[in-house]
Amino acid sequence: MTEKTSRKVTQKTPLFPSQPRLSAAEIAQRTAADKAFAQRCREIFWRVYPELVSDYYNWAIIIEPESGEYFIDSEPEVAFQKARQKYPNARILEKRLNETGCVGKI
């Protein structure tokens with residue numbers, strides 16, 4: 001049997017102390033960019049949703065918001081591979097063609 005040691009780590013200790021912490025301005029900028037990206041993806045999703053949902057219910061849809069293009073497949077990995085083939089370095093978002101657009105369980 002091994003002996004259990006208890007070590008206390010103070011809260012908000014950086015995981016990687018050698019890397020500099022982000023400033024509040026940088027955090028705010030990244031948060032704003034993330035929200036803008038998600039909004040662009042949601043707009044594309046809700047624009048194409050009515051025409052796709054009846055034929056492709058609960059299929060995965062991968063959205064690349066810069067071009068406005070999307071890729072759908074019943075298997076999320078296949079849709080992901082289609083998107084990566086055309087846009088290897090682009091930021092993409094996965095949704096589901098269902099009532100909520102959610103991928104997993106909430």
# chains A, B, ... in the order shown; residues from 1 in each chain; ligands from 1
call {"tool": "select_by_dssp", "arguments": {"residues": "chain A", "states": "strand (DSSP E or B)", "output": "VMD selection string"}}
result
chain A and resid 60 to 64 69 to 73 93 to 96
call {"tool": "closest_atom_pairs", "arguments": {"of": "segment 85-105 of chain A", "to": "segment 33-48 of chain A", "cutoff": "12 Å", "atoms": "only C-alpha atoms", "output": "tab-separated table"}}
result
residue	atom	partner	partner_atom	distance
A:Ala90	CA	A:Phe37	CA	11.7
A:Arg91	CA	A:Phe37	CA	8.7
A:Ile92	CA	A:Cys41	CA	8.4
A:Leu93	CA	A:Cys41	CA	7.0
A:Glu94	CA	A:Cys41	CA	9.1
A:Lys95	CA	A:Phe45	CA	8.1
A:Arg96	CA	A:Phe45	CA	9.3
A:Leu97	CA	A:Phe45	CA	8.6
A:Asn98	CA	A:Phe45	CA	10.8
A:Glu99	CA	A:Trp46	CA	10.5
A:Thr100	CA	A:Trp46	CA	10.3
A:Gly101	CA	A:Phe45	CA	8.2
A:Cys102	CA	A:Arg42	CA	11.4
call {"tool": "write_last_selection", "arguments": {"atoms": "N, CA and C atoms", "output": "PDB file, in the first residue's frame"}}
result
ATOM      1  N   ALA A  90      -8.634  26.805 -40.964  1.00  0.00           N
ATOM      2  CA  ALA A  90      -9.719  27.710 -40.586  1.00  0.00           C
ATOM      3  C   ALA A  90     -10.319  27.329 -39.241  1.00  0.00           C
ATOM      4  N   ARG A  91     -10.891  28.300 -38.606  1.00  0.00           N
ATOM      5  CA  ARG A  91     -11.619  28.078 -37.359  1.00  0.00           C
ATOM      6  C   ARG A  91     -13.043  27.663 -37.739  1.00  0.00           C
ATOM      7  N   ILE A  92     -13.490  26.520 -37.242  1.00  0.00           N
ATOM      8  CA  ILE A  92     -14.793  25.981 -37.613  1.00  0.00           C
ATOM      9  C   ILE A  92     -15.599  25.661 -36.361  1.00  0.00           C
ATOM     10  N   LEU A  93     -16.902  25.486 -36.550  1.00  0.00           N
ATOM     11  CA  LEU A  93     -17.797  25.199 -35.430  1.00  0.00           C
ATOM     12  C   LEU A  93     -18.731  24.063 -35.818  1.00  0.00           C
ATOM     13  N   GLU A  94     -18.945  23.126 -34.911  1.00  0.00           N
ATOM     14  CA  GLU A  94     -19.862  22.013 -35.152  1.00  0.00           C
ATOM     15  C   GLU A  94     -21.174  22.265 -34.437  1.00  0.00           C
ATOM     16  N   LYS A  95     -22.262  21.992 -35.138  1.00  0.00           N
ATOM     17  CA  LYS A  95     -23.603  22.033 -34.557  1.00  0.00           C
ATOM     18  C   LYS A  95     -24.344  20.801 -35.047  1.00  0.00           C
ATOM     19  N   ARG A  96     -25.571  20.629 -34.572  1.00  0.00           N
ATOM     20  CA  ARG A  96     -26.439  19.546 -35.020  1.00  0.00           C
ATOM     21  C   ARG A  96     -27.694  20.129 -35.626  1.00  0.00           C
ATOM     22  N   LEU A  97     -28.201  19.485 -36.652  1.00  0.00           N
ATOM     23  CA  LEU A  97     -29.441  19.917 -37.292  1.00  0.00           C
ATOM     24  C   LEU A  97     -30.622  19.359 -36.513  1.00  0.00           C
ATOM     25  N   ASN A  98     -30.848  19.927 -35.329  1.00  0.00           N
ATOM     26  CA  ASN A  98     -32.002  19.572 -34.507  1.00  0.00           C
ATOM     27  C   ASN A  98     -32.594  20.855 -33.955  1.00  0.00           C
ATOM     28  N   GLU A  99     -33.537  20.730 -33.048  1.00  0.00           N
ATOM     29  CA  GLU A  99     -34.261  21.912 -32.553  1.00  0.00           C
ATOM     30  C   GLU A  99     -33.363  22.937 -31.871  1.00  0.00           C
ATOM     31  N   THR A 100     -32.317  22.488 -31.216  1.00  0.00           N
ATOM     32  CA  THR A 100     -31.465  23.390 -30.455  1.00  0.00           C
ATOM     33  C   THR A 100     -30.124  23.680 -31.110  1.00  0.00           C
ATOM     34  N   GLY A 101     -29.691  22.809 -31.996  1.00  0.00           N
ATOM     35  CA  GLY A 101     -28.370  22.956 -32.604  1.00  0.00           C
ATOM     36  C   GLY A 101     -27.275  22.402 -31.720  1.00  0.00           C
ATOM     37  N   CYS A 102     -27.646  21.848 -30.566  1.00  0.00           N
ATOM     38  CA  CYS A 102     -26.655  21.337 -29.621  1.00  0.00           C
ATOM     39  C   CYS A 102     -26.071  20.016 -30.104  1.00  0.00           C
TER      40      CYS A 102
END
call {"tool": "closest_residue", "arguments": {"among": "A:Ile61, A:Lys12, A:Ser23, A:Asn89", "to": "Pro76 of chain A", "atoms": "only C-alpha atoms"}}
result
A:Ile61
call {"tool": "select_by_dssp", "arguments": {"residues": "chain A", "states": "alpha helix (DSSP H)", "output": "mmCIF file with N, CA and C atoms, in the first residue's frame"}}
result
data_model
loop_
_atom_site.group_PDB
_atom_site.id
_atom_site.type_symbol
_atom_site.label_atom_id
_atom_site.label_comp_id
_atom_site.auth_asym_id
_atom_site.auth_seq_id
_atom_site.Cartn_x
_atom_site.Cartn_y
_atom_site.Cartn_z
ATOM 1 N N ALA A 24 -5.812 41.922 -18.866
ATOM 2 C CA ALA A 24 -7.279 42.019 -18.895
ATOM 3 C C ALA A 24 -7.754 42.457 -20.268
ATOM 4 N N ALA A 25 -7.007 43.334 -20.914
ATOM 5 C CA ALA A 25 -7.379 43.791 -22.261
ATOM 6 C C ALA A 25 -7.308 42.649 -23.270
ATOM 7 N N GLU A 26 -6.276 41.820 -23.164
ATOM 8 C CA GLU A 26 -6.130 40.679 -24.072
ATOM 9 C C GLU A 26 -7.249 39.660 -23.844
ATOM 10 N N ILE A 27 -7.597 39.424 -22.609
ATOM 11 C CA ILE A 27 -8.696 38.506 -22.300
ATOM 12 C C ILE A 27 -10.006 39.039 -22.862
ATOM 13 N N ALA A 28 -10.261 40.328 -22.692
ATOM 14 C CA ALA A 28 -11.479 40.953 -23.220
ATOM 15 C C ALA A 28 -11.513 40.881 -24.744
ATOM 16 N N GLN A 29 -10.373 41.102 -25.387
ATOM 17 C CA GLN A 29 -10.289 41.046 -26.841
ATOM 18 C C GLN A 29 -10.585 39.637 -27.343
ATOM 19 N N ARG A 30 -10.016 38.627 -26.695
ATOM 20 C CA ARG A 30 -10.251 37.242 -27.101
ATOM 21 C C ARG A 30 -11.705 36.834 -26.872
ATOM 22 N N THR A 31 -12.281 37.279 -25.766
ATOM 23 C CA THR A 31 -13.688 36.981 -25.476
ATOM 24 C C THR A 31 -14.590 37.597 -26.533
ATOM 25 N N ALA A 32 -14.322 38.834 -26.911
ATOM 26 C CA ALA A 32 -15.114 39.512 -27.944
ATOM 27 C C ALA A 32 -14.973 38.805 -29.287
ATOM 28 N N ALA A 33 -13.769 38.369 -29.618
ATOM 29 C CA ALA A 33 -13.545 37.657 -30.879
ATOM 30 C C ALA A 33 -14.285 36.320 -30.889
ATOM 31 N N ASP A 34 -14.276 35.623 -29.750
ATOM 32 C CA ASP A 34 -15.000 34.352 -29.639
ATOM 33 C C ASP A 34 -16.500 34.550 -29.814
ATOM 34 N N LYS A 35 -17.036 35.594 -29.200
ATOM 35 C CA LYS A 35 -18.471 35.870 -29.314
ATOM 36 C C LYS A 35 -18.848 36.239 -30.740
ATOM 37 N N ALA A 36 -18.015 37.021 -31.410
ATOM 38 C CA ALA A 36 -18.278 37.413 -32.797
ATOM 39 C C ALA A 36 -18.241 36.192 -33.720
ATOM 40 N N PHE A 37 -17.275 35.305 -33.488
ATOM 41 C CA PHE A 37 -17.170 34.065 -34.269
ATOM 42 C C PHE A 37 -18.423 33.217 -34.089
ATOM 43 N N ALA A 38 -18.841 33.028 -32.848
ATOM 44 C CA ALA A 38 -20.031 32.218 -32.559
ATOM 45 C C ALA A 38 -21.279 32.840 -33.183
ATOM 46 N N GLN A 39 -21.383 34.156 -33.146
ATOM 47 C CA GLN A 39 -22.543 34.841 -33.729
ATOM 48 C C GLN A 39 -22.599 34.635 -35.241
ATOM 49 N N ARG A 40 -21.458 34.739 -35.915
ATOM 50 C CA ARG A 40 -21.426 34.517 -37.367
ATOM 51 C C ARG A 40 -21.842 33.090 -37.702
ATOM 52 N N CYS A 41 -21.374 32.131 -36.908
ATOM 53 C CA CYS A 41 -21.740 30.730 -37.133
ATOM 54 C C CYS A 41 -23.237 30.514 -36.894
ATOM 55 N N ARG A 42 -23.775 31.111 -35.822
ATOM 56 C CA ARG A 42 -25.212 30.967 -35.536
ATOM 57 C C ARG A 42 -26.064 31.542 -36.665
ATOM 58 N N GLU A 43 -25.655 32.669 -37.212
ATOM 59 C CA GLU A 43 -26.408 33.287 -38.315
ATOM 60 C C GLU A 43 -26.470 32.356 -39.522
ATOM 61 N N ILE A 44 -25.353 31.737 -39.862
ATOM 62 C CA ILE A 44 -25.328 30.793 -40.978
ATOM 63 C C ILE A 44 -26.196 29.579 -40.654
ATOM 64 N N PHE A 45 -26.062 29.067 -39.431
ATOM 65 C CA PHE A 45 -26.845 27.894 -39.025
ATOM 66 C C PHE A 45 -28.336 28.162 -39.165
ATOM 67 N N TRP A 46 -28.831 29.252 -38.613
ATOM 68 C CA TRP A 46 -30.273 29.516 -38.652
ATOM 69 C C TRP A 46 -30.756 29.903 -40.044
ATOM 70 N N ARG A 47 -29.854 30.371 -40.908
ATOM 71 C CA ARG A 47 -30.239 30.675 -42.288
ATOM 72 C C ARG A 47 -30.485 29.384 -43.082
ATOM 73 N N VAL A 48 -29.628 28.358 -42.889
ATOM 74 C CA VAL A 48 -29.758 27.115 -43.663
ATOM 75 C C VAL A 48 -30.602 26.055 -42.966
ATOM 76 N N TYR A 49 -30.848 26.231 -41.695
ATOM 77 C CA TYR A 49 -31.590 25.247 -40.901
ATOM 78 C C TYR A 49 -32.935 24.848 -41.515
ATOM 79 N N PRO A 50 -33.804 25.793 -41.896
ATOM 80 C CA PRO A 50 -35.132 25.395 -42.388
ATOM 81 C C PRO A 50 -35.092 24.485 -43.619
ATOM 82 N N GLU A 51 -34.135 24.696 -44.502
ATOM 83 C CA GLU A 51 -34.087 23.881 -45.715
ATOM 84 C C GLU A 51 -33.415 22.524 -45.499
ATOM 85 N N LEU A 52 -32.625 22.368 -44.441
ATOM 86 C CA LEU A 52 -31.886 21.129 -44.221
ATOM 87 C C LEU A 52 -32.499 20.204 -43.176
ATOM 88 N N PRO A 76 -20.248 12.912 -37.587
ATOM 89 C CA PRO A 76 -19.522 14.169 -37.344
ATOM 90 C C PRO A 76 -18.078 14.151 -37.839
ATOM 91 N N GLU A 77 -17.403 13.017 -37.708
ATOM 92 C CA GLU A 77 -16.002 12.943 -38.139
ATOM 93 C C GLU A 77 -15.864 13.129 -39.644
ATOM 94 N N VAL A 78 -16.826 12.601 -40.407
ATOM 95 C CA VAL A 78 -16.780 12.741 -41.863
ATOM 96 C C VAL A 78 -16.990 14.210 -42.248
ATOM 97 N N ALA A 79 -17.959 14.861 -41.615
ATOM 98 C CA ALA A 79 -18.200 16.282 -41.880
ATOM 99 C C ALA A 79 -16.962 17.108 -41.514
ATOM 100 N N PHE A 80 -16.337 16.761 -40.404
ATOM 101 C CA PHE A 80 -15.131 17.455 -39.970
ATOM 102 C C PHE A 80 -14.015 17.292 -41.000
ATOM 103 N N GLN A 81 -13.836 16.063 -41.506
ATOM 104 C CA GLN A 81 -12.790 15.804 -42.500
ATOM 105 C C GLN A 81 -13.048 16.574 -43.795
ATOM 106 N N LYS A 82 -14.321 16.664 -44.202
ATOM 107 C CA LYS A 82 -14.670 17.444 -45.398
ATOM 108 C C LYS A 82 -14.261 18.906 -45.209
ATOM 109 N N ALA A 83 -14.567 19.451 -44.038
ATOM 110 C CA ALA A 83 -14.225 20.852 -43.755
ATOM 111 C C ALA A 83 -12.716 21.046 -43.726
ATOM 112 N N ARG A 84 -11.999 20.135 -43.105
ATOM 113 C CA ARG A 84 -10.544 20.255 -42.997
ATOM 114 C C ARG A 84 -9.850 20.086 -44.336
ATOM 115 N N GLN A 85 -10.441 19.307 -45.243
ATOM 116 C CA GLN A 85 -9.855 19.162 -46.568
ATOM 117 C C GLN A 85 -9.870 20.493 -47.308
ATOM 118 N N LYS A 86 -10.986 21.189 -47.226
ATOM 119 C CA LYS A 86 -11.119 22.453 -47.953
ATOM 120 C C LYS A 86 -10.490 23.619 -47.204
#
call {"tool": "atom_distance", "arguments": {"atom1": "atom CA of Leu15 of chain A", "atom2": "atom CA of Glu3 of chain A"}}
result
25.4 Å
